[in-house]
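Asker: data_4.txt is reproduced below (compact mmCIF, C-alpha atoms and all ligand atoms).
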```
# COMPACT_ATOMS: atom_id res chain seq x y z
CA MET A 1 -8.66 -14.90 18.16
CA SER A 2 -5.04 -15.56 17.19
CA ILE A 3 -2.20 -15.80 19.69
CA ASP A 4 0.28 -12.96 19.32
CA VAL A 5 3.57 -14.82 19.08
CA ARG A 6 5.51 -11.55 18.89
CA ALA A 7 4.01 -10.30 22.15
CA ILE A 8 5.18 -13.49 23.89
CA ARG A 9 8.62 -13.21 22.26
CA ASP A 10 8.87 -9.54 23.27
CA ARG A 11 7.91 -10.30 26.85
CA ARG A 12 10.58 -13.02 27.04
CA LEU A 13 13.21 -10.69 25.59
CA ARG A 14 12.25 -7.90 27.99
CA GLN A 15 12.49 -10.35 30.88
CA ARG A 16 15.99 -11.35 29.73
CA THR A 17 17.44 -7.95 28.86
CA GLY A 18 15.13 -5.51 30.62
CA LYS A 19 14.80 -3.58 27.33
CA PRO A 20 11.96 -3.55 24.77
CA ASN A 21 13.03 -4.76 21.31
CA ARG A 22 10.67 -2.44 19.41
CA SER A 23 9.96 1.30 19.64
CA ALA A 24 7.17 2.44 21.98
CA LEU A 25 5.16 3.63 18.96
CA GLN A 26 5.62 0.29 17.20
CA ILE A 27 4.44 -1.62 20.28
CA ALA A 28 1.34 0.61 20.56
CA ARG A 29 0.54 0.34 16.82
CA THR A 30 0.91 -3.44 16.76
CA SER A 31 -1.21 -3.96 19.85
CA SER A 32 -4.01 -1.87 18.29
CA ILE A 33 -4.58 -4.55 15.64
CA ASP A 34 -3.71 -7.66 17.60
CA HIS A 35 -7.39 -8.62 17.54
CA VAL A 36 -7.36 -8.86 13.71
CA ASN A 37 -6.57 -12.22 12.10
CA ARG A 38 -3.59 -12.15 9.70
CA HIS A 39 -4.54 -15.18 7.62
CA TRP A 40 -6.65 -15.41 4.48
CA PRO A 41 -10.32 -15.56 5.46
CA GLN A 42 -11.10 -19.24 5.87
CA ASN A 43 -13.97 -19.25 3.40
CA LEU A 44 -11.53 -18.24 0.61
CA SER A 45 -9.53 -21.45 0.58
CA GLY A 46 -9.65 -22.91 -2.93
CA PHE A 47 -11.08 -19.65 -4.30
CA GLN A 48 -9.89 -17.61 -7.26
CA ALA A 49 -9.84 -13.87 -7.80
CA ARG A 50 -11.47 -12.27 -10.86
CA GLY A 51 -10.26 -9.83 -13.45
CA ILE A 52 -11.99 -6.44 -13.50
CA VAL A 53 -13.52 -4.70 -16.52
CA ASN A 54 -11.88 -1.30 -16.95
CA PRO A 55 -14.14 1.18 -18.72
CA ARG A 56 -12.59 4.61 -19.38
CA ASN A 57 -9.04 3.90 -18.17
CA MET A 58 -10.10 2.66 -14.75
CA CYS A 59 -7.05 0.37 -14.58
CA TYR A 60 -5.17 2.89 -12.42
CA ARG A 61 -7.82 2.45 -9.72
CA HIS A 62 -8.60 -1.22 -10.18
CA SER A 63 -4.94 -2.26 -10.05
CA VAL A 64 -4.83 -0.70 -6.57
CA ILE A 65 -8.15 -2.31 -5.55
CA GLN A 66 -6.74 -5.68 -6.65
CA SER A 67 -3.54 -5.20 -4.66
CA LEU A 68 -5.56 -4.24 -1.58
CA LEU A 69 -7.85 -7.26 -1.97
CA HIS A 70 -4.76 -9.51 -1.92
CA CYS A 71 -3.77 -8.47 1.62
CA PRO A 72 -5.27 -11.02 4.07
CA LEU A 73 -5.05 -8.75 7.13
CA LEU A 74 -6.84 -5.96 5.25
CA LEU A 75 -9.67 -8.29 4.16
CA GLN A 76 -10.16 -9.34 7.78
CA TRP A 77 -10.07 -5.73 8.98
CA ILE A 78 -12.48 -4.20 6.43
CA ALA A 79 -14.96 -6.99 7.25
CA THR A 80 -15.34 -5.25 10.65
CA HIS A 81 -16.25 -1.87 9.08
CA ALA A 82 -19.78 -0.62 9.82
CA GLN A 83 -20.62 -3.77 11.79
CA THR A 84 -20.85 -2.41 15.36
CA PRO A 85 -21.38 1.03 16.97
CA MET A 86 -17.60 1.21 17.44
CA THR A 87 -16.93 0.76 13.72
CA GLN A 88 -19.82 2.88 12.47
CA CYS A 89 -19.49 4.38 9.02
CA GLN A 90 -18.61 8.06 8.76
CA TRP A 91 -20.49 8.43 5.48
CA ALA A 92 -23.74 6.52 6.00
CA GLN A 93 -25.92 9.61 5.54
CA PRO A 94 -28.21 11.23 2.95
CA PRO A 95 -26.61 11.67 -0.50
CA LEU A 96 -25.53 14.79 -2.32
CA ALA A 97 -27.73 15.83 -5.26
CA GLY A 98 -27.21 13.35 -8.09
CA GLY A 99 -25.17 10.98 -5.96
CA PRO A 100 -25.85 7.35 -5.09
CA ALA A 101 -28.51 6.25 -2.59
CA PRO A 102 -28.06 6.79 1.18
CA ALA A 103 -25.55 4.57 2.94
CA MET A 104 -23.90 3.89 -0.42
CA ARG A 105 -21.45 6.77 -0.37
CA CYS A 106 -18.63 5.10 1.49
CA PRO A 107 -15.85 3.56 -0.65
CA LEU A 108 -14.98 1.25 2.23
CA CYS A 109 -18.58 -0.05 2.58
CA GLU A 110 -18.46 -0.71 -1.18
CA LEU A 111 -15.09 -2.41 -0.99
CA ARG A 112 -16.43 -4.67 1.79
CA ARG A 113 -19.35 -5.57 -0.49
CA VAL A 114 -17.07 -6.22 -3.49
CA CYS A 115 -14.69 -8.47 -1.56
CA PRO A 116 -16.76 -11.72 -1.36
CA GLN A 117 -17.72 -11.25 -5.03
CA TYR A 118 -14.12 -10.70 -6.11
CA TRP A 119 -13.09 -14.05 -4.70
CA CYS A 120 -15.09 -16.83 -6.35
CA ALA A 121 -15.24 -20.63 -6.23
CA ARG A 122 -15.96 -22.51 -9.46
CA PRO A 123 -15.75 -20.15 -12.45
CA SER A 124 -17.84 -22.43 -14.68
CA ASN A 125 -21.23 -22.88 -13.02
CA ALA A 126 -24.38 -20.80 -13.61
CA ALA A 127 -24.58 -19.33 -10.12
CA ASN A 128 -21.11 -18.04 -10.62
CA ALA A 129 -22.00 -16.35 -13.92
CA THR A 130 -24.64 -14.38 -11.97
CA ASN A 131 -22.03 -13.55 -9.39
CA ILE A 132 -19.72 -12.19 -12.10
CA ARG A 133 -22.46 -9.82 -13.30
CA GLN A 134 -23.14 -8.79 -9.70
CA PHE A 135 -19.44 -8.29 -9.19
CA HIS A 136 -19.05 -5.98 -12.20
CA ARG A 137 -22.13 -4.01 -11.06
CA SER A 138 -20.62 -3.70 -7.57
CA VAL A 139 -17.32 -2.48 -9.00
CA GLN A 140 -19.17 0.12 -11.10
CA HIS A 141 -21.00 1.19 -7.97
CA LEU A 142 -17.74 1.47 -6.06
CA GLN A 143 -16.46 3.80 -8.79
CA LYS A 144 -19.62 5.94 -8.57
CA VAL A 145 -19.14 6.22 -4.83
CA VAL A 146 -15.51 7.22 -5.33
CA LEU A 147 -16.75 9.90 -7.73
CA TYR A 148 -19.64 11.29 -5.65
CA GLY A 149 -18.31 10.36 -2.23
CA PRO A 150 -17.75 12.96 0.47
CA THR A 151 -14.18 11.88 1.04
CA GLY A 152 -12.47 14.52 -1.04
CA SER A 153 -11.95 14.61 -4.76
CA LEU A 154 -9.58 12.38 -6.67
CA PRO A 155 -6.35 13.96 -7.81
CA THR A 156 -7.31 13.58 -11.48
CA ASN A 157 -10.23 14.07 -13.79
CA PRO A 158 -12.54 11.09 -13.10
CA ALA A 159 -12.94 10.30 -16.80
CA SER A 160 -9.25 10.17 -17.66
CA GLN A 161 -6.35 7.93 -16.78
CA GLY A 162 -4.75 8.76 -13.46
CA ASP A 163 -1.79 7.78 -11.34
CA ALA A 164 -2.20 4.52 -9.37
CA SER A 165 -0.21 6.02 -6.50
CA GLY A 166 -2.67 8.94 -6.33
CA PHE A 167 -5.57 6.51 -6.08
CA TYR A 168 -3.82 4.51 -3.36
CA GLN A 169 -3.39 7.77 -1.38
CA PHE A 170 -7.12 8.44 -1.81
CA MET A 171 -7.93 4.98 -0.39
CA TYR A 172 -5.40 5.52 2.44
CA ASN A 173 -7.41 8.56 3.55
CA VAL A 174 -10.68 6.63 3.20
CA PHE A 175 -9.37 3.86 5.49
CA GLN A 176 -8.29 6.34 8.16
CA ASP A 177 -11.45 8.44 8.15
CA ALA A 178 -14.05 5.63 7.82
CA THR A 179 -15.04 5.82 11.50
CA PRO A 180 -14.95 9.28 13.14
CA ALA A 181 -12.32 9.67 15.87
CA THR A 182 -15.05 11.14 18.09
CA VAL A 183 -16.85 7.78 17.93
CA ASN A 184 -13.82 5.52 18.24
CA PRO A 185 -10.25 6.88 18.12
CA ALA A 186 -8.97 3.29 17.95
CA TRP A 187 -10.16 3.00 14.34
CA MET A 188 -7.61 5.46 13.01
CA GLU A 189 -4.88 3.86 15.12
CA GLN A 190 -5.74 0.55 13.46
CA ALA A 191 -5.62 2.14 10.00
CA GLN A 192 -2.22 3.62 10.84
CA ALA A 193 -0.94 0.30 12.18
CA ILE A 194 -1.87 -1.24 8.83
CA PHE A 195 -0.65 1.46 6.41
CA THR A 196 1.42 4.21 8.03
CA LEU A 197 5.19 4.30 7.87
CA THR A 198 6.43 6.63 10.62
CA ILE A 199 9.87 8.04 10.01
CA GLN A 200 12.04 9.70 12.64
CA PRO A 201 14.72 11.97 11.13
CA ARG A 202 17.94 12.29 13.13
CA LEU A 203 20.41 15.08 12.49
CA THR A 204 24.08 14.80 13.43
CA CYS A 205 26.12 18.00 13.45
CA LYS A 206 29.38 17.74 11.51
CA ASN A 207 30.93 20.40 13.76
CA CYS A 208 30.23 19.06 17.27
CA GLY A 209 28.92 15.55 16.57
CA ALA A 210 25.71 16.07 18.59
CA THR A 211 22.65 14.15 17.36
CA THR A 212 19.17 15.63 17.62
CA THR A 213 15.92 13.82 16.94
CA GLN A 214 13.44 15.66 14.73
CA PRO A 215 9.62 15.38 14.89
CA SER A 216 8.36 12.14 13.31
CA VAL A 217 6.79 12.14 9.86
CA ASP A 218 3.90 9.85 8.81
CA GLN A 219 4.05 8.50 5.25
CA ASP A 220 1.62 6.42 3.21
CA GLU A 221 4.37 5.05 0.94
CA LEU A 222 8.09 4.40 0.98
CA ILE A 223 9.25 6.36 -2.06
CA LEU A 224 12.48 5.12 -3.64
CA GLN A 225 14.19 7.17 -6.31
CA LEU A 226 15.31 5.25 -9.40
CA GLY A 227 18.57 6.20 -11.09
CA ASN A 228 19.64 5.73 -14.69
CA ASP A 229 21.24 2.33 -14.15
CA PRO A 230 19.43 -0.92 -13.34
CA GLU A 231 19.66 -1.64 -9.63
CA HIS A 232 18.51 -4.01 -6.92
CA ILE A 233 15.87 -2.56 -4.60
CA LYS A 234 18.28 -3.07 -1.66
CA ASP A 235 20.66 -0.56 -3.25
CA LEU A 236 17.92 2.08 -3.41
CA LEU A 237 17.22 1.92 0.34
CA PRO A 238 20.27 3.95 1.48
CA GLY A 239 19.10 6.80 -0.78
CA PHE A 240 16.05 7.16 1.46
CA PHE A 241 17.21 6.02 4.90
CA ASP A 242 20.90 6.83 5.10
CA ASP A 243 22.80 10.01 5.73
CA THR A 244 22.04 12.91 3.44
CA ILE A 245 23.66 16.31 3.99
CA VAL A 246 21.53 19.23 5.17
CA THR A 247 22.47 22.74 6.22
CA ARG A 248 21.12 24.03 9.53
CA ASN A 249 21.81 25.89 12.72
CA CYS A 250 22.98 23.33 15.31
CA PRO A 251 21.09 23.74 18.63
CA THR A 252 24.05 22.25 20.57
CA CYS A 253 27.08 24.22 19.31
CA GLY A 254 25.18 27.09 17.69
CA VAL A 255 27.19 26.82 14.47
CA SER A 256 25.36 27.12 11.16
CA GLY A 257 26.76 24.39 8.94
CA GLU A 258 26.38 20.89 7.59
CA SER A 259 24.60 18.08 9.41
CA THR A 260 23.94 14.53 8.22
CA GLN A 261 20.33 13.38 8.26
CA ALA A 262 19.34 9.74 8.76
CA ASN A 263 15.68 8.70 8.37
CA LEU A 264 14.82 5.82 10.68
CA ILE A 265 11.65 3.75 10.92
CA ASP A 266 9.93 4.38 14.24
CA ALA A 267 6.84 2.34 13.29
CA ALA A 268 6.54 0.01 10.31
CA PRO A 269 3.13 -0.71 8.76
CA GLU A 270 1.63 -4.17 8.33
CA ILE A 271 1.18 -3.37 4.63
CA LEU A 272 4.08 -1.47 3.13
CA VAL A 273 3.65 0.19 -0.26
CA VAL A 274 6.97 0.83 -1.99
CA HIS A 275 6.61 3.49 -4.67
CA LEU A 276 9.35 3.36 -7.30
CA GLN A 277 9.61 6.98 -8.40
CA ARG A 278 9.26 6.86 -12.18
CA THR A 279 8.54 10.49 -12.88
CA GLY A 280 11.56 12.56 -13.84
CA PHE A 281 11.81 16.18 -14.99
CA ASN A 282 13.76 17.28 -18.05
CA ARG A 283 15.00 20.80 -17.26
CA LYS A 284 16.08 21.54 -20.84
CA LYS A 285 12.71 20.62 -22.31
CA GLY A 286 10.81 21.80 -19.22
CA GLN A 287 8.72 18.65 -19.15
CA PHE A 288 8.13 15.49 -17.13
CA PHE A 289 9.12 12.10 -18.45
CA LYS A 290 8.87 8.48 -17.35
CA ILE A 291 11.95 6.78 -15.91
CA THR A 292 12.01 3.29 -17.41
CA THR A 293 14.98 1.90 -15.45
CA PRO A 294 14.59 -1.84 -14.74
CA ILE A 295 14.51 -2.78 -11.04
CA THR A 296 15.46 -6.10 -9.47
CA PHE A 297 13.67 -7.28 -6.34
CA GLY A 298 13.11 -10.54 -4.50
CA LYS A 299 10.24 -12.16 -2.61
CA TRP A 300 11.51 -10.58 0.61
CA LEU A 301 12.55 -7.10 1.71
CA GLU A 302 14.44 -6.68 4.96
CA LEU A 303 14.49 -3.31 6.74
CA THR A 304 15.79 -4.36 10.19
CA ASN A 305 18.79 -2.02 10.15
CA TYR A 306 16.74 1.06 9.30
CA GLN A 307 14.72 1.07 12.55
CA THR A 308 15.06 3.37 15.57
CA ASN A 309 15.06 0.17 17.64
CA ARG A 310 16.84 -2.72 15.89
CA GLY A 311 15.96 -5.24 18.58
CA SER A 312 13.68 -7.23 16.31
CA THR A 313 13.77 -8.28 12.67
CA LEU A 314 11.71 -6.23 10.22
CA LYS A 315 11.03 -8.27 7.13
CA TYR A 316 8.37 -7.99 4.44
CA LYS A 317 6.98 -10.48 1.94
CA LEU A 318 6.05 -9.31 -1.56
CA SER A 319 2.29 -9.54 -2.05
CA SER A 320 1.64 -7.78 -5.36
CA VAL A 321 3.29 -5.62 -8.01
CA ILE A 322 1.47 -2.95 -9.99
CA CYS A 323 3.20 -2.43 -13.32
CA HIS A 324 2.78 0.36 -15.83
CA SER A 325 3.17 0.69 -19.57
CA GLY A 326 3.13 4.09 -21.28
CA ASN A 327 4.98 7.38 -21.57
CA SER A 328 3.77 8.95 -18.31
CA MET A 329 2.08 7.62 -15.16
CA ASN A 330 -1.12 9.44 -16.17
CA GLU A 331 -1.56 7.52 -19.41
CA GLY A 332 -1.05 4.01 -20.79
CA HIS A 333 -2.08 0.87 -18.94
CA TYR A 334 -1.68 -0.70 -15.50
CA ILE A 335 -1.60 -4.42 -14.75
CA THR A 336 -1.28 -6.27 -11.43
CA ASP A 337 0.77 -9.34 -10.52
CA ALA A 338 -0.46 -10.72 -7.22
CA LEU A 339 0.02 -13.60 -4.85
CA GLY A 340 -3.25 -15.12 -3.65
CA PRO A 341 -4.44 -18.26 -1.87
CA ASP A 342 -4.62 -19.78 -5.38
CA GLY A 343 -1.06 -18.93 -6.46
CA MET A 344 0.57 -16.19 -8.57
CA PHE A 345 -1.58 -14.46 -11.17
CA ARG A 346 -1.30 -11.56 -13.59
CA THR A 347 -4.40 -9.44 -14.19
CA SER A 348 -4.89 -7.11 -17.16
CA ASP A 349 -8.44 -5.78 -17.35
CA ARG A 350 -10.78 -8.77 -17.14
CA ASP A 351 -8.07 -11.27 -18.19
CA ARG A 352 -6.33 -13.13 -15.42
CA TRP A 353 -3.75 -15.85 -15.92
CA LYS A 354 -1.29 -17.85 -13.89
CA ILE A 355 2.35 -16.70 -13.86
CA LYS A 356 5.59 -18.12 -12.50
CA LEU A 357 7.93 -16.59 -9.91
CA PRO A 358 10.38 -15.17 -12.54
CA ASP A 359 7.42 -13.27 -14.14
CA PHE A 360 6.34 -11.99 -10.73
CA LEU A 361 9.86 -10.72 -9.98
CA ALA A 362 10.86 -9.59 -13.49
CA PRO A 363 12.67 -6.19 -13.54
CA VAL A 364 10.67 -5.32 -16.70
CA LYS A 365 7.61 -7.34 -17.76
CA THR A 366 7.94 -8.04 -21.46
CA ASN A 367 5.87 -11.20 -21.77
CA VAL A 368 2.46 -9.69 -21.17
CA ASP A 369 0.52 -11.82 -23.61
CA LYS A 370 -3.02 -10.50 -23.10
CA GLY A 371 -4.83 -7.20 -22.78
CA PRO A 372 -4.73 -4.00 -24.85
CA ASP A 373 -1.01 -3.42 -24.36
CA SER A 374 0.31 -6.90 -25.06
CA GLY A 375 3.78 -6.78 -26.55
CA LYS A 376 4.67 -3.56 -24.73
CA ASP A 377 7.05 -3.26 -21.79
CA PHE A 378 5.56 -2.93 -18.32
CA HIS A 379 7.60 -1.42 -15.48
CA PRO A 380 7.14 -2.32 -11.79
CA TYR A 381 5.74 0.80 -10.11
CA LEU A 382 4.00 0.07 -6.78
CA LEU A 383 5.13 -2.91 -4.71
CA PHE A 384 2.76 -4.09 -1.97
CA TYR A 385 4.43 -5.96 0.88
CA THR A 386 2.97 -7.62 3.96
CA LYS A 387 4.91 -7.69 7.22
CA ASN A 388 6.35 -11.06 8.17
CA THR A 389 5.37 -11.92 11.73
ZN ZN B 1 -18.66 2.80 5.24
ZN ZN B 2 26.82 21.19 16.53
```
Translate this file's structure into structure tokens.
Answerer:
Amino acid sequence: MSIDVRAIRDRRLRQRTGKPNRSALQIARTSSIDHVNRHWPQNLSGFQARGIVNPRNMCYRHSVIQSLLHCPLLLQWIATHAQTPMTQCQWAQPPLAGGPAPAMRCPLCELRRVCPQYWCARPSNAANATNIRQFHRSVQHLQKVVLYGPTGSLPTNPASQGDASGFYQFMYNVFQDATPATVNPAWMEQAQAIFTLTIQPRLTCKNCGATTTQPSVDQDELILQLGNDPEHIKDLLPGFFDDTIVTRNCPTCGVSGESTQANLIDAAPEILVVHLQRTGFNRKKGQFFKITTPITFGKWLELTNYQTNRGSTLKYKLSSVICHSGNSMNEGHYITDALGPDGMFRTSDRDRWKIKLPDFLAPVKTNVDKGPDSGKDFHPYLLFYTKNT
């Protein structure tokens, strides 16, 4: 059991000022996962991750799986799935016709099984070669479960390339629903503490100046719109959080007119997925296209000033970057750059090689020297961050 340093800090601050330094929702969310360790599982020290074979364009799913498997808190949390009556599996039941065997229909159960095989010790010895075969079988099985599972269909045809963001959203729902709320409502709270960004819109009337708080909105990603010019990620934040103009009927003065809307963070997730919106629409041609604008970002992302309660720092550390090459997000190839206990690595299909910080942070990845799309440009698409505590 780890000591919650923040809880102690918060208590001290409350004692001094009499005010909490985080929103009530944030305090509740954080306390729901205080029992989960935030460090890499101890048995992984000195271990390496593996590349994943991608039959039939599976890179859009496996890039997401890899990013998820590089989040220490998530590894610790999914290890608790289906281990006690309170974490019982929603989907451990008889299969649908043609589906996998009973108790094998839960993507989360499969992910838990894949995890210790994904992280391996010495890549050279014979036992490890067996583990690699087992690992690839387990990954195939995970994909079958995703296909036949009861958790709702994937947004795309299972045989074709899909959007990595769509697959992340699928996994987001799996995490939340893995234990029924009737059995243990705390499970979904934990899933939300890990992944859900809760936004509270606030409208300020331009006529009378009154501010009204709107109902909160839960999001699985922070979507940032890219423009035509290269920008730093910090410069994209105001486009989402800061004042946009909306027209409405003001409940205070009764005038129908312009209000400014600010979107503030009421609860920030432990794992934040930043989605760089790369799909644009060409009105003239009536078709979608990929926005290839380069984006600059650092190892850290600070969101302190975008909270409903700014009493404490909100800072994230970059954990992995899913990059895409191709003309639309539903074709081409995905690769993952990730930070693990063994350093920074780039993974393209089953190839995995060490990279340096400038590669990890590159606005466009041009030096991809392995895999089917070597020589092509890869654009950062999904950025996985872990909350700094
Ligand atoms: Zn399960
Ligand atoms: Zn008004």
Asker: Need the shell around segment 171-177 of chain A: protein/DNA/RNA residues with any atom at most 12 Å away, counting only C-alpha atoms. Skip same-chain ones fewer than 5 positions apart. Format as a PDB file with C-alpha atoms, in the frame of the given file?
Answerer:
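This is the output file part_2.pdb:
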```
ATOM      1  CA  ARG A  61      -7.820   2.450  -9.720  1.00  0.00           C
ATOM      2  CA  HIS A  62      -8.600  -1.220 -10.180  1.00  0.00           C
ATOM      3  CA  VAL A  64      -4.830  -0.700  -6.570  1.00  0.00           C
ATOM      4  CA  ILE A  65      -8.150  -2.310  -5.550  1.00  0.00           C
ATOM      5  CA  SER A  67      -3.540  -5.200  -4.660  1.00  0.00           C
ATOM      6  CA  LEU A  68      -5.560  -4.240  -1.580  1.00  0.00           C
ATOM      7  CA  LEU A  74      -6.840  -5.960   5.250  1.00  0.00           C
ATOM      8  CA  TRP A  77     -10.070  -5.730   8.980  1.00  0.00           C
ATOM      9  CA  ILE A  78     -12.480  -4.200   6.430  1.00  0.00           C
ATOM     10  CA  HIS A  81     -16.250  -1.870   9.080  1.00  0.00           C
ATOM     11  CA  THR A  87     -16.930   0.760  13.720  1.00  0.00           C
ATOM     12  CA  GLN A  88     -19.820   2.880  12.470  1.00  0.00           C
ATOM     13  CA  CYS A  89     -19.490   4.380   9.020  1.00  0.00           C
ATOM     14  CA  GLN A  90     -18.610   8.060   8.760  1.00  0.00           C
ATOM     15  CA  TRP A  91     -20.490   8.430   5.480  1.00  0.00           C
ATOM     16  CA  ARG A 105     -21.450   6.770  -0.370  1.00  0.00           C
ATOM     17  CA  CYS A 106     -18.630   5.100   1.490  1.00  0.00           C
ATOM     18  CA  PRO A 107     -15.850   3.560  -0.650  1.00  0.00           C
ATOM     19  CA  LEU A 108     -14.980   1.250   2.230  1.00  0.00           C
ATOM     20  CA  CYS A 109     -18.580  -0.050   2.580  1.00  0.00           C
ATOM     21  CA  GLU A 110     -18.460  -0.710  -1.180  1.00  0.00           C
ATOM     22  CA  LEU A 111     -15.090  -2.410  -0.990  1.00  0.00           C
ATOM     23  CA  ARG A 112     -16.430  -4.670   1.790  1.00  0.00           C
ATOM     24  CA  LEU A 142     -17.740   1.470  -6.060  1.00  0.00           C
ATOM     25  CA  VAL A 145     -19.140   6.220  -4.830  1.00  0.00           C
ATOM     26  CA  VAL A 146     -15.510   7.220  -5.330  1.00  0.00           C
ATOM     27  CA  GLY A 149     -18.310  10.360  -2.230  1.00  0.00           C
ATOM     28  CA  PRO A 150     -17.750  12.960   0.470  1.00  0.00           C
ATOM     29  CA  THR A 151     -14.180  11.880   1.040  1.00  0.00           C
ATOM     30  CA  GLY A 152     -12.470  14.520  -1.040  1.00  0.00           C
ATOM     31  CA  SER A 153     -11.950  14.610  -4.760  1.00  0.00           C
ATOM     32  CA  LEU A 154      -9.580  12.380  -6.670  1.00  0.00           C
ATOM     33  CA  PRO A 155      -6.350  13.960  -7.810  1.00  0.00           C
ATOM     34  CA  ALA A 164      -2.200   4.520  -9.370  1.00  0.00           C
ATOM     35  CA  SER A 165      -0.210   6.020  -6.500  1.00  0.00           C
ATOM     36  CA  GLY A 166      -2.670   8.940  -6.330  1.00  0.00           C
ATOM     37  CA  THR A 182     -15.050  11.140  18.090  1.00  0.00           C
ATOM     38  CA  VAL A 183     -16.850   7.780  17.930  1.00  0.00           C
ATOM     39  CA  ASN A 184     -13.820   5.520  18.240  1.00  0.00           C
ATOM     40  CA  PRO A 185     -10.250   6.880  18.120  1.00  0.00           C
ATOM     41  CA  ALA A 186      -8.970   3.290  17.950  1.00  0.00           C
ATOM     42  CA  TRP A 187     -10.160   3.000  14.340  1.00  0.00           C
ATOM     43  CA  MET A 188      -7.610   5.460  13.010  1.00  0.00           C
ATOM     44  CA  GLU A 189      -4.880   3.860  15.120  1.00  0.00           C
ATOM     45  CA  GLN A 190      -5.740   0.550  13.460  1.00  0.00           C
ATOM     46  CA  ALA A 191      -5.620   2.140  10.000  1.00  0.00           C
ATOM     47  CA  GLN A 192      -2.220   3.620  10.840  1.00  0.00           C
ATOM     48  CA  ALA A 193      -0.940   0.300  12.180  1.00  0.00           C
ATOM     49  CA  ILE A 194      -1.870  -1.240   8.830  1.00  0.00           C
ATOM     50  CA  PHE A 195      -0.650   1.460   6.410  1.00  0.00           C
ATOM     51  CA  THR A 196       1.420   4.210   8.030  1.00  0.00           C
ATOM     52  CA  LEU A 197       5.190   4.300   7.870  1.00  0.00           C
ATOM     53  CA  GLN A 219       4.050   8.500   5.250  1.00  0.00           C
ATOM     54  CA  ASP A 220       1.620   6.420   3.210  1.00  0.00           C
ATOM     55  CA  GLU A 221       4.370   5.050   0.940  1.00  0.00           C
ATOM     56  CA  ILE A 271       1.180  -3.370   4.630  1.00  0.00           C
ATOM     57  CA  LEU A 272       4.080  -1.470   3.130  1.00  0.00           C
ATOM     58  CA  VAL A 273       3.650   0.190  -0.260  1.00  0.00           C
TER      59      VAL A 273
END
```
Asker: For a test of reading the model, state the distance in Å between atom CA of Glu258 of chain A and atom CA of Lys206 of chain A, rounded to one decimal.
Answerer: 5.9 Å
Asker: Of the candidates A:Pro180, A:Pro294, A:Pro358, A:Pro72, which shows the shortest atom-to-atom distance to ligand ZN 1 (chain B), using all atoms listed in the file?
Answerer: A:Pro180
Asker: Which residues, written as a PyMOL selection string, have at least one atom at most 7 Å from Leu303 of chain A, with only C-alpha atoms counted and residues fewer than 3 positions away on the same chain left out?
Answerer: chain A and resi 306+314-315
Asker: Would you tabulate, counting all atoms listed in the file, all residues of chain A that have an atom at most 12 Å from an atom of ligand ZN 2 (chain B), showing the closest pair of atoms and their distance in Å to one decimal, sorted by chain then ascending number, as a tab-separated table?
Answerer:
```
residue	atom	partner	partner_atom	distance
A:Leu203	CA	B:ZN2	ZN	9.7
A:Thr204	CA	B:ZN2	ZN	7.6
A:Cys205	CA	B:ZN2	ZN	4.5
A:Lys206	CA	B:ZN2	ZN	6.6
A:Asn207	CA	B:ZN2	ZN	5.0
A:Cys208	CA	B:ZN2	ZN	4.1
A:Gly209	CA	B:ZN2	ZN	6.0
A:Ala210	CA	B:ZN2	ZN	5.6
A:Thr211	CA	B:ZN2	ZN	8.2
A:Thr212	CA	B:ZN2	ZN	9.5
A:Thr247	CA	B:ZN2	ZN	11.3
A:Arg248	CA	B:ZN2	ZN	9.5
A:Asn249	CA	B:ZN2	ZN	7.9
A:Cys250	CA	B:ZN2	ZN	4.6
A:Pro251	CA	B:ZN2	ZN	6.6
A:Thr252	CA	B:ZN2	ZN	5.0
A:Cys253	CA	B:ZN2	ZN	4.1
A:Gly254	CA	B:ZN2	ZN	6.2
A:Val255	CA	B:ZN2	ZN	6.0
A:Ser256	CA	B:ZN2	ZN	8.1
A:Gly257	CA	B:ZN2	ZN	8.2
A:Glu258	CA	B:ZN2	ZN	9.0
A:Ser259	CA	B:ZN2	ZN	8.1
A:Thr260	CA	B:ZN2	ZN	11.0
```
Asker: In Å, how far is it from atom CA of Val36 of chain A to atom CA of Glu270 of chain A?
Answerer: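 We find that atom CA of Val36 of chain A and atom CA of Glu270 of chain A lie 11.5 Å from each other.
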